[in-house]
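Structure file query_14.pdb; described as PDB, C-alpha atoms, pLDDT in the B column.
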ATOM      1  CA  MET A   1     -12.888 -57.320  -7.869  1.00 42.00           C
ATOM      2  CA  ASP A   2      -9.949 -56.494  -5.588  1.00 44.00           C
ATOM      3  CA  ALA A   3      -7.735 -56.048  -8.589  1.00 43.00           C
ATOM      4  CA  LEU A   4     -10.328 -53.772 -10.200  1.00 40.00           C
ATOM      5  CA  PHE A   5     -10.705 -51.600  -7.099  1.00 39.00           C
ATOM      6  CA  GLY A   6      -6.947 -51.597  -6.636  1.00 46.00           C
ATOM      7  CA  GLU A   7      -6.554 -50.261 -10.160  1.00 44.00           C
ATOM      8  CA  ARG A   8      -9.128 -47.559  -9.444  1.00 43.00           C
ATOM      9  CA  LYS A   9      -7.268 -46.550  -6.283  1.00 45.00           C
ATOM     10  CA  ILE A  10      -4.094 -46.164  -8.265  1.00 39.00           C
ATOM     11  CA  LYS A  11      -5.810 -43.981 -10.836  1.00 47.00           C
ATOM     12  CA  TRP A  12      -7.459 -41.774  -8.222  1.00 43.00           C
ATOM     13  CA  SER A  13      -4.236 -41.424  -6.262  1.00 46.00           C
ATOM     14  CA  SER A  14      -2.417 -40.334  -9.412  1.00 48.00           C
ATOM     15  CA  LEU A  15      -4.669 -37.271  -9.734  1.00 49.00           C
ATOM     16  CA  GLY A  16      -2.433 -35.323  -7.382  1.00 51.00           C
ATOM     17  CA  ASP A  17       0.832 -36.725  -8.706  1.00 53.00           C
ATOM     18  CA  PHE A  18       2.965 -33.926 -10.160  1.00 57.00           C
ATOM     19  CA  SER A  19       6.281 -35.705  -9.732  1.00 59.00           C
ATOM     20  CA  GLN A  20       7.323 -34.513 -13.205  1.00 66.00           C
ATOM     21  CA  LEU A  21       7.551 -31.027 -11.642  1.00 76.00           C
ATOM     22  CA  ASN A  22      10.325 -30.359  -9.153  1.00 81.00           C
ATOM     23  CA  ARG A  23       9.551 -29.038  -5.677  1.00 87.00           C
ATOM     24  CA  ASP A  24      10.480 -25.421  -6.484  1.00 89.00           C
ATOM     25  CA  THR A  25       8.225 -25.413  -9.557  1.00 88.00           C
ATOM     26  CA  GLN A  26       5.348 -26.842  -7.534  1.00 89.00           C
ATOM     27  CA  LEU A  27       5.840 -24.111  -4.915  1.00 92.00           C
ATOM     28  CA  HIS A  28       5.834 -21.458  -7.657  1.00 93.00           C
ATOM     29  CA  LEU A  29       2.579 -22.847  -9.087  1.00 93.00           C
ATOM     30  CA  LYS A  30       1.072 -22.852  -5.602  1.00 94.00           C
ATOM     31  CA  ASN A  31       1.881 -19.134  -5.348  1.00 94.00           C
ATOM     32  CA  VAL A  32       0.410 -18.509  -8.821  1.00 96.00           C
ATOM     33  CA  TYR A  33      -2.876 -20.223  -7.976  1.00 96.00           C
ATOM     34  CA  SER A  34      -3.030 -18.528  -4.574  1.00 95.00           C
ATOM     35  CA  CYS A  35      -2.815 -15.172  -6.384  1.00 96.00           C
ATOM     36  CA  LEU A  36      -5.456 -16.406  -8.829  1.00 96.00           C
ATOM     37  CA  ALA A  37      -7.787 -17.193  -5.916  1.00 96.00           C
ATOM     38  CA  ILE A  38      -7.245 -13.663  -4.543  1.00 96.00           C
ATOM     39  CA  ALA A  39      -7.955 -12.188  -7.981  1.00 96.00           C
ATOM     40  CA  MET A  40     -11.145 -14.241  -8.369  1.00 96.00           C
ATOM     41  CA  LEU A  41     -12.361 -13.093  -4.954  1.00 96.00           C
ATOM     42  CA  ALA A  42     -11.674  -9.464  -5.878  1.00 96.00           C
ATOM     43  CA  ALA A  43     -13.518  -9.923  -9.190  1.00 96.00           C
ATOM     44  CA  ALA A  44     -16.505 -11.404  -7.351  1.00 95.00           C
ATOM     45  CA  VAL A  45     -16.554  -8.357  -5.050  1.00 95.00           C
ATOM     46  CA  GLY A  46     -16.416  -6.062  -8.088  1.00 94.00           C
ATOM     47  CA  SER A  47     -19.384  -7.810  -9.687  1.00 93.00           C
ATOM     48  CA  TYR A  48     -21.307  -7.634  -6.418  1.00 93.00           C
ATOM     49  CA  VAL A  49     -20.629  -3.911  -6.056  1.00 93.00           C
ATOM     50  CA  HIS A  50     -22.020  -3.230  -9.530  1.00 92.00           C
ATOM     51  CA  LEU A  51     -25.066  -5.493  -9.189  1.00 89.00           C
ATOM     52  CA  PHE A  52     -26.202  -4.885  -5.621  1.00 89.00           C
ATOM     53  CA  THR A  53     -24.851  -1.524  -4.462  1.00 85.00           C
ATOM     54  CA  GLY A  54     -24.923   2.023  -5.723  1.00 75.00           C
ATOM     55  CA  ILE A  55     -21.383   2.743  -4.573  1.00 82.00           C
ATOM     56  CA  LEU A  56     -19.781   2.299  -7.990  1.00 83.00           C
ATOM     57  CA  GLN A  57     -20.985   1.212 -11.418  1.00 86.00           C
ATOM     58  CA  ALA A  58     -19.094  -0.192 -14.392  1.00 83.00           C
ATOM     59  CA  SER A  59     -18.225   2.513 -16.893  1.00 84.00           C
ATOM     60  CA  PHE A  60     -15.558   3.631 -19.322  1.00 87.00           C
ATOM     61  CA  LEU A  61     -13.658   5.241 -16.443  1.00 90.00           C
ATOM     62  CA  THR A  62     -13.630   2.054 -14.352  1.00 89.00           C
ATOM     63  CA  SER A  63     -12.351   0.146 -17.395  1.00 90.00           C
ATOM     64  CA  LEU A  64      -9.561   2.703 -17.779  1.00 93.00           C
ATOM     65  CA  ALA A  65      -8.783   2.339 -14.070  1.00 93.00           C
ATOM     66  CA  GLY A  66      -8.436  -1.431 -14.495  1.00 94.00           C
ATOM     67  CA  ILE A  67      -6.121  -1.029 -17.491  1.00 95.00           C
ATOM     68  CA  GLY A  68      -4.075   1.567 -15.598  1.00 96.00           C
ATOM     69  CA  LEU A  69      -3.626  -0.765 -12.621  1.00 96.00           C
ATOM     70  CA  LEU A  70      -2.560  -3.593 -14.941  1.00 96.00           C
ATOM     71  CA  ILE A  71       0.063  -1.376 -16.595  1.00 96.00           C
ATOM     72  CA  TRP A  72       1.257  -0.208 -13.160  1.00 96.00           C
ATOM     73  CA  LEU A  73       1.537  -3.841 -12.054  1.00 96.00           C
ATOM     74  CA  GLY A  74       3.551  -4.769 -15.138  1.00 94.00           C
ATOM     75  CA  MET A  75       5.941  -1.840 -14.619  1.00 95.00           C
ATOM     76  CA  THR A  76       6.533  -2.550 -10.919  1.00 94.00           C
ATOM     77  CA  PRO A  77       9.549  -4.826 -10.321  1.00 93.00           C
ATOM     78  CA  HIS A  78       8.994  -8.197  -8.696  1.00 92.00           C
ATOM     79  CA  THR A  79      10.814  -7.773  -5.401  1.00 92.00           C
ATOM     80  CA  PRO A  80       9.991  -8.827  -1.819  1.00 90.00           C
ATOM     81  CA  GLU A  81       9.544  -5.164  -0.902  1.00 93.00           C
ATOM     82  CA  ASN A  82       6.954  -4.651  -3.665  1.00 93.00           C
ATOM     83  CA  GLN A  83       5.019  -7.865  -3.065  1.00 93.00           C
ATOM     84  CA  ALA A  84       2.213  -6.350  -0.946  1.00 93.00           C
ATOM     85  CA  MET A  85       1.760  -3.403  -3.317  1.00 95.00           C
ATOM     86  CA  ARG A  86       1.714  -5.661  -6.386  1.00 95.00           C
ATOM     87  CA  LEU A  87      -0.894  -7.910  -4.772  1.00 96.00           C
ATOM     88  CA  GLY A  88      -2.945  -4.789  -4.161  1.00 95.00           C
ATOM     89  CA  LEU A  89      -2.570  -3.754  -7.802  1.00 96.00           C
ATOM     90  CA  LEU A  90      -3.599  -7.242  -8.924  1.00 96.00           C
ATOM     91  CA  SER A  91      -6.635  -7.128  -6.643  1.00 96.00           C
ATOM     92  CA  GLY A  92      -7.602  -3.690  -7.935  1.00 96.00           C
ATOM     93  CA  PHE A  93      -7.316  -4.819 -11.548  1.00 97.00           C
ATOM     94  CA  ALA A  94      -9.390  -7.927 -10.790  1.00 97.00           C
ATOM     95  CA  PHE A  95     -11.966  -5.812  -8.928  1.00 96.00           C
ATOM     96  CA  PHE A  96     -12.552  -3.547 -11.930  1.00 95.00           C
ATOM     97  CA  THR A  97     -12.526  -6.546 -14.281  1.00 95.00           C
ATOM     98  CA  GLY A  98     -15.259  -8.176 -12.206  1.00 94.00           C
ATOM     99  CA  MET A  99     -17.160  -4.903 -12.173  1.00 94.00           C
ATOM    100  CA  SER A 100     -17.007  -4.794 -15.983  1.00 93.00           C
ATOM    101  CA  LEU A 101     -18.842  -8.139 -15.989  1.00 93.00           C
ATOM    102  CA  GLY A 102     -21.672  -6.593 -13.986  1.00 90.00           C
ATOM    103  CA  PRO A 103     -23.778  -5.260 -16.905  1.00 92.00           C
ATOM    104  CA  LEU A 104     -23.599  -8.614 -18.714  1.00 93.00           C
ATOM    105  CA  MET A 105     -24.440 -10.518 -15.535  1.00 93.00           C
ATOM    106  CA  LYS A 106     -27.455  -8.259 -14.974  1.00 92.00           C
ATOM    107  CA  VAL A 107     -28.788  -9.014 -18.484  1.00 93.00           C
ATOM    108  CA  VAL A 108     -28.172 -12.740 -18.004  1.00 93.00           C
ATOM    109  CA  ALA A 109     -29.855 -12.675 -14.577  1.00 92.00           C
ATOM    110  CA  ASP A 110     -32.963 -11.119 -16.139  1.00 91.00           C
ATOM    111  CA  ILE A 111     -33.139 -14.109 -18.509  1.00 90.00           C
ATOM    112  CA  ASP A 112     -32.443 -16.775 -15.871  1.00 91.00           C
ATOM    113  CA  ILE A 113     -30.541 -16.183 -12.635  1.00 92.00           C
ATOM    114  CA  THR A 114     -29.355 -19.825 -12.536  1.00 93.00           C
ATOM    115  CA  ILE A 115     -27.271 -19.285 -15.669  1.00 94.00           C
ATOM    116  CA  ILE A 116     -24.623 -17.371 -13.694  1.00 94.00           C
ATOM    117  CA  PRO A 117     -23.734 -20.147 -11.169  1.00 94.00           C
ATOM    118  CA  THR A 118     -24.053 -22.750 -13.942  1.00 95.00           C
ATOM    119  CA  ALA A 119     -21.613 -20.832 -16.147  1.00 95.00           C
ATOM    120  CA  PHE A 120     -19.241 -20.336 -13.217  1.00 96.00           C
ATOM    121  CA  LEU A 121     -19.288 -24.035 -12.310  1.00 96.00           C
ATOM    122  CA  GLY A 122     -18.768 -24.947 -15.967  1.00 95.00           C
ATOM    123  CA  THR A 123     -15.820 -22.549 -16.153  1.00 96.00           C
ATOM    124  CA  VAL A 124     -14.256 -24.070 -13.041  1.00 96.00           C
ATOM    125  CA  VAL A 125     -14.595 -27.583 -14.492  1.00 96.00           C
ATOM    126  CA  VAL A 126     -13.180 -26.569 -17.893  1.00 94.00           C
ATOM    127  CA  PHE A 127     -10.354 -24.501 -16.399  1.00 95.00           C
ATOM    128  CA  THR A 128      -9.381 -27.230 -13.915  1.00 94.00           C
ATOM    129  CA  SER A 129      -9.491 -29.970 -16.563  1.00 93.00           C
ATOM    130  CA  PHE A 130      -7.263 -28.103 -19.026  1.00 92.00           C
ATOM    131  CA  THR A 131      -4.911 -27.012 -16.241  1.00 91.00           C
ATOM    132  CA  LEU A 132      -4.416 -30.592 -15.059  1.00 90.00           C
ATOM    133  CA  ALA A 133      -3.949 -31.757 -18.645  1.00 87.00           C
ATOM    134  CA  ALA A 134      -1.180 -29.170 -19.090  1.00 86.00           C
ATOM    135  CA  LEU A 135       0.537 -30.094 -15.811  1.00 85.00           C
ATOM    136  CA  TRP A 136       0.373 -33.852 -16.396  1.00 81.00           C
ATOM    137  CA  SER A 137       1.605 -33.725 -19.993  1.00 78.00           C
ATOM    138  CA  GLN A 138       5.200 -33.792 -21.107  1.00 69.00           C
ATOM    139  CA  ARG A 139       7.270 -30.622 -20.858  1.00 66.00           C
ATOM    140  CA  ARG A 140       6.588 -28.087 -23.636  1.00 70.00           C
ATOM    141  CA  SER A 141       4.084 -30.389 -25.366  1.00 74.00           C
ATOM    142  CA  PHE A 142       1.461 -27.606 -25.677  1.00 79.00           C
ATOM    143  CA  LEU A 143       3.766 -24.649 -26.324  1.00 82.00           C
ATOM    144  CA  PHE A 144       3.429 -25.249 -30.072  1.00 82.00           C
ATOM    145  CA  LEU A 145      -0.131 -23.919 -29.707  1.00 82.00           C
ATOM    146  CA  GLY A 146       1.182 -20.391 -29.184  1.00 82.00           C
ATOM    147  CA  ALA A 147       1.299 -19.298 -32.835  1.00 86.00           C
ATOM    148  CA  PRO A 148      -2.111 -20.682 -33.893  1.00 88.00           C
ATOM    149  CA  LEU A 149      -3.764 -19.356 -30.724  1.00 89.00           C
ATOM    150  CA  MET A 150      -2.361 -15.854 -31.248  1.00 90.00           C
ATOM    151  CA  SER A 151      -3.511 -16.005 -34.876  1.00 90.00           C
ATOM    152  CA  GLY A 152      -6.930 -17.118 -33.661  1.00 87.00           C
ATOM    153  CA  LEU A 153      -7.120 -14.183 -31.245  1.00 88.00           C
ATOM    154  CA  SER A 154      -6.235 -11.767 -34.046  1.00 89.00           C
ATOM    155  CA  PHE A 155      -8.955 -13.326 -36.198  1.00 88.00           C
ATOM    156  CA  LEU A 156     -11.450 -12.970 -33.319  1.00 87.00           C
ATOM    157  CA  ILE A 157     -10.665  -9.258 -33.001  1.00 86.00           C
ATOM    158  CA  LEU A 158     -11.185  -8.741 -36.734  1.00 89.00           C
ATOM    159  CA  LEU A 159     -14.378 -10.803 -36.608  1.00 84.00           C
ATOM    160  CA  SER A 160     -15.793  -8.778 -33.715  1.00 84.00           C
ATOM    161  CA  PHE A 161     -14.842  -5.481 -35.343  1.00 85.00           C
ATOM    162  CA  GLY A 162     -16.348  -6.505 -38.694  1.00 83.00           C
ATOM    163  CA  ASN A 163     -19.572  -7.650 -37.078  1.00 78.00           C
ATOM    164  CA  ILE A 164     -20.117  -4.109 -35.756  1.00 80.00           C
ATOM    165  CA  PHE A 165     -20.997  -3.206 -39.344  1.00 83.00           C
ATOM    166  CA  PHE A 166     -22.675  -6.460 -40.441  1.00 78.00           C
ATOM    167  CA  GLY A 167     -24.623  -7.302 -37.271  1.00 77.00           C
ATOM    168  CA  SER A 168     -24.770 -10.977 -38.243  1.00 80.00           C
ATOM    169  CA  VAL A 169     -26.088 -13.469 -35.691  1.00 82.00           C
ATOM    170  CA  MET A 170     -24.064 -16.246 -37.342  1.00 87.00           C
ATOM    171  CA  ILE A 171     -20.828 -14.258 -37.050  1.00 85.00           C
ATOM    172  CA  PHE A 172     -21.685 -13.467 -33.428  1.00 86.00           C
ATOM    173  CA  LYS A 173     -22.157 -17.161 -32.627  1.00 87.00           C
ATOM    174  CA  LEU A 174     -18.988 -18.077 -34.505  1.00 88.00           C
ATOM    175  CA  GLU A 175     -17.059 -15.523 -32.455  1.00 89.00           C
ATOM    176  CA  LEU A 176     -18.553 -16.927 -29.232  1.00 90.00           C
ATOM    177  CA  TYR A 177     -17.766 -20.595 -29.841  1.00 92.00           C
ATOM    178  CA  LEU A 178     -14.432 -19.976 -31.542  1.00 91.00           C
ATOM    179  CA  GLY A 179     -13.438 -17.685 -28.679  1.00 91.00           C
ATOM    180  CA  LEU A 180     -14.389 -20.350 -26.136  1.00 93.00           C
ATOM    181  CA  PHE A 181     -12.267 -22.903 -27.992  1.00 93.00           C
ATOM    182  CA  ILE A 182      -9.296 -20.508 -28.206  1.00 93.00           C
ATOM    183  CA  PHE A 183      -9.363 -19.552 -24.523  1.00 94.00           C
ATOM    184  CA  CYS A 184      -9.544 -23.215 -23.509  1.00 93.00           C
ATOM    185  CA  GLY A 185      -6.415 -23.723 -25.595  1.00 92.00           C
ATOM    186  CA  LEU A 186      -4.823 -20.712 -23.911  1.00 93.00           C
ATOM    187  CA  VAL A 187      -5.282 -22.375 -20.511  1.00 95.00           C
ATOM    188  CA  LEU A 188      -3.103 -25.251 -21.776  1.00 92.00           C
ATOM    189  CA  PHE A 189      -0.568 -22.908 -23.355  1.00 92.00           C
ATOM    190  CA  ASP A 190      -0.350 -20.371 -20.519  1.00 93.00           C
ATOM    191  CA  THR A 191      -0.026 -23.070 -17.843  1.00 93.00           C
ATOM    192  CA  GLN A 192       2.934 -24.696 -19.556  1.00 92.00           C
ATOM    193  CA  LEU A 193       4.410 -21.299 -20.416  1.00 92.00           C
ATOM    194  CA  ILE A 194       4.385 -20.358 -16.717  1.00 93.00           C
ATOM    195  CA  VAL A 195       6.332 -23.537 -15.904  1.00 91.00           C
ATOM    196  CA  GLU A 196       8.863 -22.817 -18.644  1.00 91.00           C
ATOM    197  CA  LYS A 197       9.238 -19.182 -17.603  1.00 92.00           C
ATOM    198  CA  TYR A 198       9.975 -20.266 -14.044  1.00 92.00           C
ATOM    199  CA  ARG A 199      12.543 -22.816 -15.202  1.00 89.00           C
ATOM    200  CA  ASN A 200      14.216 -20.031 -17.179  1.00 90.00           C
ATOM    201  CA  GLY A 201      14.460 -17.763 -14.132  1.00 90.00           C
ATOM    202  CA  ASP A 202      11.213 -15.734 -14.303  1.00 91.00           C
ATOM    203  CA  LYS A 203       9.750 -16.059 -10.788  1.00 92.00           C
ATOM    204  CA  ASP A 204       7.111 -13.313 -10.989  1.00 94.00           C
ATOM    205  CA  TYR A 205       4.146 -15.429  -9.843  1.00 94.00           C
ATOM    206  CA  ILE A 206       1.878 -12.379  -9.452  1.00 95.00           C
ATOM    207  CA  TRP A 207       2.239 -11.426 -13.116  1.00 95.00           C
ATOM    208  CA  HIS A 208       2.026 -15.076 -14.192  1.00 95.00           C
ATOM    209  CA  CYS A 209      -1.392 -15.308 -12.578  1.00 95.00           C
ATOM    210  CA  VAL A 210      -2.747 -12.451 -14.748  1.00 96.00           C
ATOM    211  CA  ASP A 211      -2.819 -14.601 -17.916  1.00 93.00           C
ATOM    212  CA  LEU A 212      -4.702 -17.404 -16.168  1.00 96.00           C
ATOM    213  CA  PHE A 213      -7.125 -14.908 -14.623  1.00 97.00           C
ATOM    214  CA  LEU A 214      -7.930 -13.408 -18.043  1.00 96.00           C
ATOM    215  CA  ASP A 215      -8.379 -16.903 -19.520  1.00 95.00           C
ATOM    216  CA  PHE A 216     -10.855 -17.768 -16.739  1.00 97.00           C
ATOM    217  CA  ILE A 217     -12.808 -14.515 -17.126  1.00 96.00           C
ATOM    218  CA  ASN A 218     -13.080 -14.899 -20.913  1.00 95.00           C
ATOM    219  CA  ILE A 219     -14.290 -18.494 -20.661  1.00 96.00           C
ATOM    220  CA  PHE A 220     -16.831 -17.482 -17.998  1.00 97.00           C
ATOM    221  CA  ARG A 221     -18.105 -14.551 -20.081  1.00 95.00           C
ATOM    222  CA  ARG A 222     -18.596 -16.699 -23.179  1.00 95.00           C
ATOM    223  CA  LEU A 223     -20.282 -19.528 -21.286  1.00 95.00           C
ATOM    224  CA  MET A 224     -22.754 -17.060 -19.775  1.00 95.00           C
ATOM    225  CA  VAL A 225     -23.646 -15.650 -23.193  1.00 94.00           C
ATOM    226  CA  ILE A 226     -23.918 -19.095 -24.809  1.00 94.00           C
ATOM    227  CA  LEU A 227     -26.210 -20.405 -22.049  1.00 94.00           C
ATOM    228  CA  ALA A 228     -28.334 -17.228 -22.125  1.00 93.00           C
ATOM    229  CA  ASN A 229     -28.718 -17.454 -25.923  1.00 91.00           C
ATOM    230  CA  ASN A 230     -29.691 -21.121 -25.710  1.00 89.00           C
ATOM    231  CA  LYS A 231     -32.261 -20.292 -23.019  1.00 88.00           C
ATOM    232  CA  GLN A 232     -33.828 -17.554 -25.132  1.00 85.00           C
ATOM    233  CA  GLU A 233     -33.952 -19.778 -28.229  1.00 79.00           C
ATOM    234  CA  LYS A 234     -35.766 -22.493 -26.268  1.00 79.00           C
ATOM    235  CA  ARG A 235     -38.337 -19.967 -25.050  1.00 78.00           C
ATOM    236  CA  ARG A 236     -39.047 -18.825 -28.604  1.00 75.00           C
ATOM    237  CA  LYS A 237     -39.843 -22.375 -29.758  1.00 68.00           C
TER     238      LYS A 237
END
Full structure transcribed into structure tokens:
Amino acid sequence: MDALFGERKIKWSSLGDFSQLNRDTQLHLKNVYSCLAIAMLAAAVGSYVHLFTGILQASFLTSLAGIGLLIWLGMTPHTPENQAMRLGLLSGFAFFTGMSLGPLMKVVADIDITIIPTAFLGTVVVFTSFTLAALWSQRRSFLFLGAPLMSGLSFLILLSFGNIFFGSVMIFKLELYLGLFIFCGLVLFDTQLIVEKYRNGDKDYIWHCVDLFLDFINIFRRLMVILANNKQEKRRK
């Protein structure tokens, strides 16, 4: 029994072991995930503003504002002097991204309000699991996924565009589940890519967090739709 519990202690203690990453890389990742937490908070505020206030509502103009802030962020050099402004740009982009989720969240809430926290918790579990898998694995082991994932994203865009004309439920479900699979893979790829970028001299942790933020949002959006569809199908039976 002691040996068994001792083995379990070793396994649990290894959960936080990132000795394969040097101290500077770990500090960079800490900055990336701190920015991600700020972005998630801003997105939550954006969703709240759309759902529960009349101050501002998601629209084409707010989407353009989000895209504009993202472009501004990408064009602003990563320097200590620009850090506060770039964090503000990231927060603004995340705010409008969260606001753009508002209409979908309202539809999902009308079906079952519990779907939203369930989808969020599921996204956190999935995102954390794939992130840890990427950080624990050998260096560059998931970077080979880049080409197939980009091809998959291109196929998703074509699939979504084509379904505008066909209106097929099967194509819609295929796009949902395939998209979920692809964005889970992108969490693996983007996490290891951030580590490699840092090792090659790219220390822009604010911009690095954008990819992970978009991965999280896309997984969350698809989980909400999948759970809402499943709920409606059960009610019809």
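Candidate residues A:Ala43, A:Ile55, A:Ile226, A:Ile206 were compared for distance to A:Thr76, and the nearest is A:Ile206, using all atoms listed in the file.
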**Request:** List the residues selected by the PyMOL selection byres ((chain A and resi 229) around 12) in the file shown, writing them as a count of residues only.
**Result:** 23
List the spatial neighbours of A:Ser59 as a compact mmCIF listing (two decimals) with C-alpha atoms, keeping the file's coordinate frame - criterion: any atom at most 10 Å away, all atoms listed in the file, same-chain residues fewer than 6 positions off excluded.
# COMPACT_ATOMS: atom_id res chain seq x y z
CA ALA A 65 -8.78 2.34 -14.07
CA PHE A 96 -12.55 -3.55 -11.93
CA MET A 99 -17.16 -4.90 -12.17
CA SER A 100 -17.01 -4.79 -15.98
CA PRO A 103 -23.78 -5.26 -16.90
Which residues of stretch 156-184 of chain A come within 12 Å of stretch 128-145 of chain A, and for each one, what is the closest pair of atoms and their distance in Å to one decimal, counting only C-alpha atoms, sorted by chain and residue number, as a Markdown table?
| residue | atom | partner | partner_atom | distance |
| --- | --- | --- | --- | --- |
| A:Phe181 | CA | A:Phe130 | CA | 11.5 |
| A:Ile182 | CA | A:Leu145 | CA | 9.9 |
| A:Phe183 | CA | A:Phe130 | CA | 10.4 |
| A:Cys184 | CA | A:Phe130 | CA | 7.0 |
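Of the residues listed (A:Ala147, A:Met75, A:Ala42, A:Leu158), A:Ala42 shows the shortest atom-to-atom separation from A:Thr97; distances use all atoms listed in the file.
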Give me the result of the PyMOL selection byres ((chain A and resi 123) around 9) on this file, residue by residue, as a PDB file with C-alpha atoms, in the coordinates of the input.
ATOM      1  CA  THR A 118     -24.053 -22.750 -13.942  1.00 95.00           C
ATOM      2  CA  ALA A 119     -21.613 -20.832 -16.147  1.00 95.00           C
ATOM      3  CA  PHE A 120     -19.241 -20.336 -13.217  1.00 96.00           C
ATOM      4  CA  LEU A 121     -19.288 -24.035 -12.310  1.00 96.00           C
ATOM      5  CA  GLY A 122     -18.768 -24.947 -15.967  1.00 95.00           C
ATOM      6  CA  VAL A 124     -14.256 -24.070 -13.041  1.00 96.00           C
ATOM      7  CA  VAL A 125     -14.595 -27.583 -14.492  1.00 96.00           C
ATOM      8  CA  VAL A 126     -13.180 -26.569 -17.893  1.00 94.00           C
ATOM      9  CA  PHE A 127     -10.354 -24.501 -16.399  1.00 95.00           C
ATOM     10  CA  THR A 128      -9.381 -27.230 -13.915  1.00 94.00           C
ATOM     11  CA  PHE A 216     -10.855 -17.768 -16.739  1.00 97.00           C
ATOM     12  CA  ILE A 217     -12.808 -14.515 -17.126  1.00 96.00           C
ATOM     13  CA  ILE A 219     -14.290 -18.494 -20.661  1.00 96.00           C
ATOM     14  CA  PHE A 220     -16.831 -17.482 -17.998  1.00 97.00           C
ATOM     15  CA  LEU A 223     -20.282 -19.528 -21.286  1.00 95.00           C
TER      16      LEU A 223
END
**Request:** May I ask which of the residues A:Leu178, A:Thr191, A:Gly102, A:Lys203 is the closest one to A:Tyr48, counting only C-alpha atoms?
**Result:** A:Gly102
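Going from atom CA of A:Ala84 to atom CA of A:Ser34 covers 13.7 Å.
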**Asked** Hey, can you check how far atom CA of A:Leu101 sits from atom CA of A:Thr53?
**Response** 14.6 Å
Can you complete the atoms of stretch 66-78 of chain A to N, CA and C atoms and list them as a PDB file, in the coordinates of the input?
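The file below, rebuild_37.pdb, is the result:
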ATOM      1  N   GLY A  66      -8.933  -0.059 -14.482  1.00 94.00           N
ATOM      2  CA  GLY A  66      -8.436  -1.431 -14.495  1.00 94.00           C
ATOM      3  C   GLY A  66      -7.205  -1.577 -15.378  1.00 94.00           C
ATOM      4  N   ILE A  67      -7.259  -0.973 -16.571  1.00 95.00           N
ATOM      5  CA  ILE A  67      -6.121  -1.029 -17.491  1.00 95.00           C
ATOM      6  C   ILE A  67      -4.908  -0.322 -16.881  1.00 95.00           C
ATOM      7  N   GLY A  68      -5.158   0.822 -16.234  1.00 96.00           N
ATOM      8  CA  GLY A  68      -4.075   1.567 -15.598  1.00 96.00           C
ATOM      9  C   GLY A  68      -3.396   0.759 -14.502  1.00 96.00           C
ATOM     10  N   LEU A  69      -4.189   0.064 -13.691  1.00 96.00           N
ATOM     11  CA  LEU A  69      -3.626  -0.765 -12.621  1.00 96.00           C
ATOM     12  C   LEU A  69      -2.819  -1.926 -13.194  1.00 96.00           C
ATOM     13  N   LEU A  70      -3.287  -2.497 -14.309  1.00 96.00           N
ATOM     14  CA  LEU A  70      -2.560  -3.593 -14.941  1.00 96.00           C
ATOM     15  C   LEU A  70      -1.202  -3.112 -15.463  1.00 96.00           C
ATOM     16  N   ILE A  71      -1.200  -1.941 -16.097  1.00 96.00           N
ATOM     17  CA  ILE A  71       0.063  -1.376 -16.595  1.00 96.00           C
ATOM     18  C   ILE A  71       1.009  -1.074 -15.433  1.00 96.00           C
ATOM     19  N   TRP A  72       0.461  -0.509 -14.361  1.00 96.00           N
ATOM     20  CA  TRP A  72       1.257  -0.208 -13.160  1.00 96.00           C
ATOM     21  C   TRP A  72       1.865  -1.492 -12.591  1.00 96.00           C
ATOM     22  N   LEU A  73       1.057  -2.558 -12.546  1.00 96.00           N
ATOM     23  CA  LEU A  73       1.537  -3.841 -12.054  1.00 96.00           C
ATOM     24  C   LEU A  73       2.687  -4.365 -12.914  1.00 96.00           C
ATOM     25  N   GLY A  74       2.522  -4.275 -14.239  1.00 94.00           N
ATOM     26  CA  GLY A  74       3.551  -4.769 -15.138  1.00 94.00           C
ATOM     27  C   GLY A  74       4.845  -3.982 -15.047  1.00 94.00           C
ATOM     28  N   MET A  75       4.753  -2.702 -14.681  1.00 95.00           N
ATOM     29  CA  MET A  75       5.941  -1.840 -14.619  1.00 95.00           C
ATOM     30  C   MET A  75       6.617  -1.881 -13.253  1.00 95.00           C
ATOM     31  N   THR A  76       5.962  -2.484 -12.267  1.00 94.00           N
ATOM     32  CA  THR A  76       6.533  -2.550 -10.919  1.00 94.00           C
ATOM     33  C   THR A  76       7.388  -3.802 -10.770  1.00 94.00           C
ATOM     34  N   PRO A  77       8.654  -3.665 -10.413  1.00 93.00           N
ATOM     35  CA  PRO A  77       9.549  -4.826 -10.321  1.00 93.00           C
ATOM     36  C   PRO A  77       9.068  -5.855  -9.304  1.00 93.00           C
ATOM     37  N   HIS A  78       9.351  -7.108  -9.609  1.00 92.00           N
ATOM     38  CA  HIS A  78       8.994  -8.197  -8.696  1.00 92.00           C
ATOM     39  C   HIS A  78      10.094  -8.336  -7.653  1.00 92.00           C
TER      40      HIS A  78
END
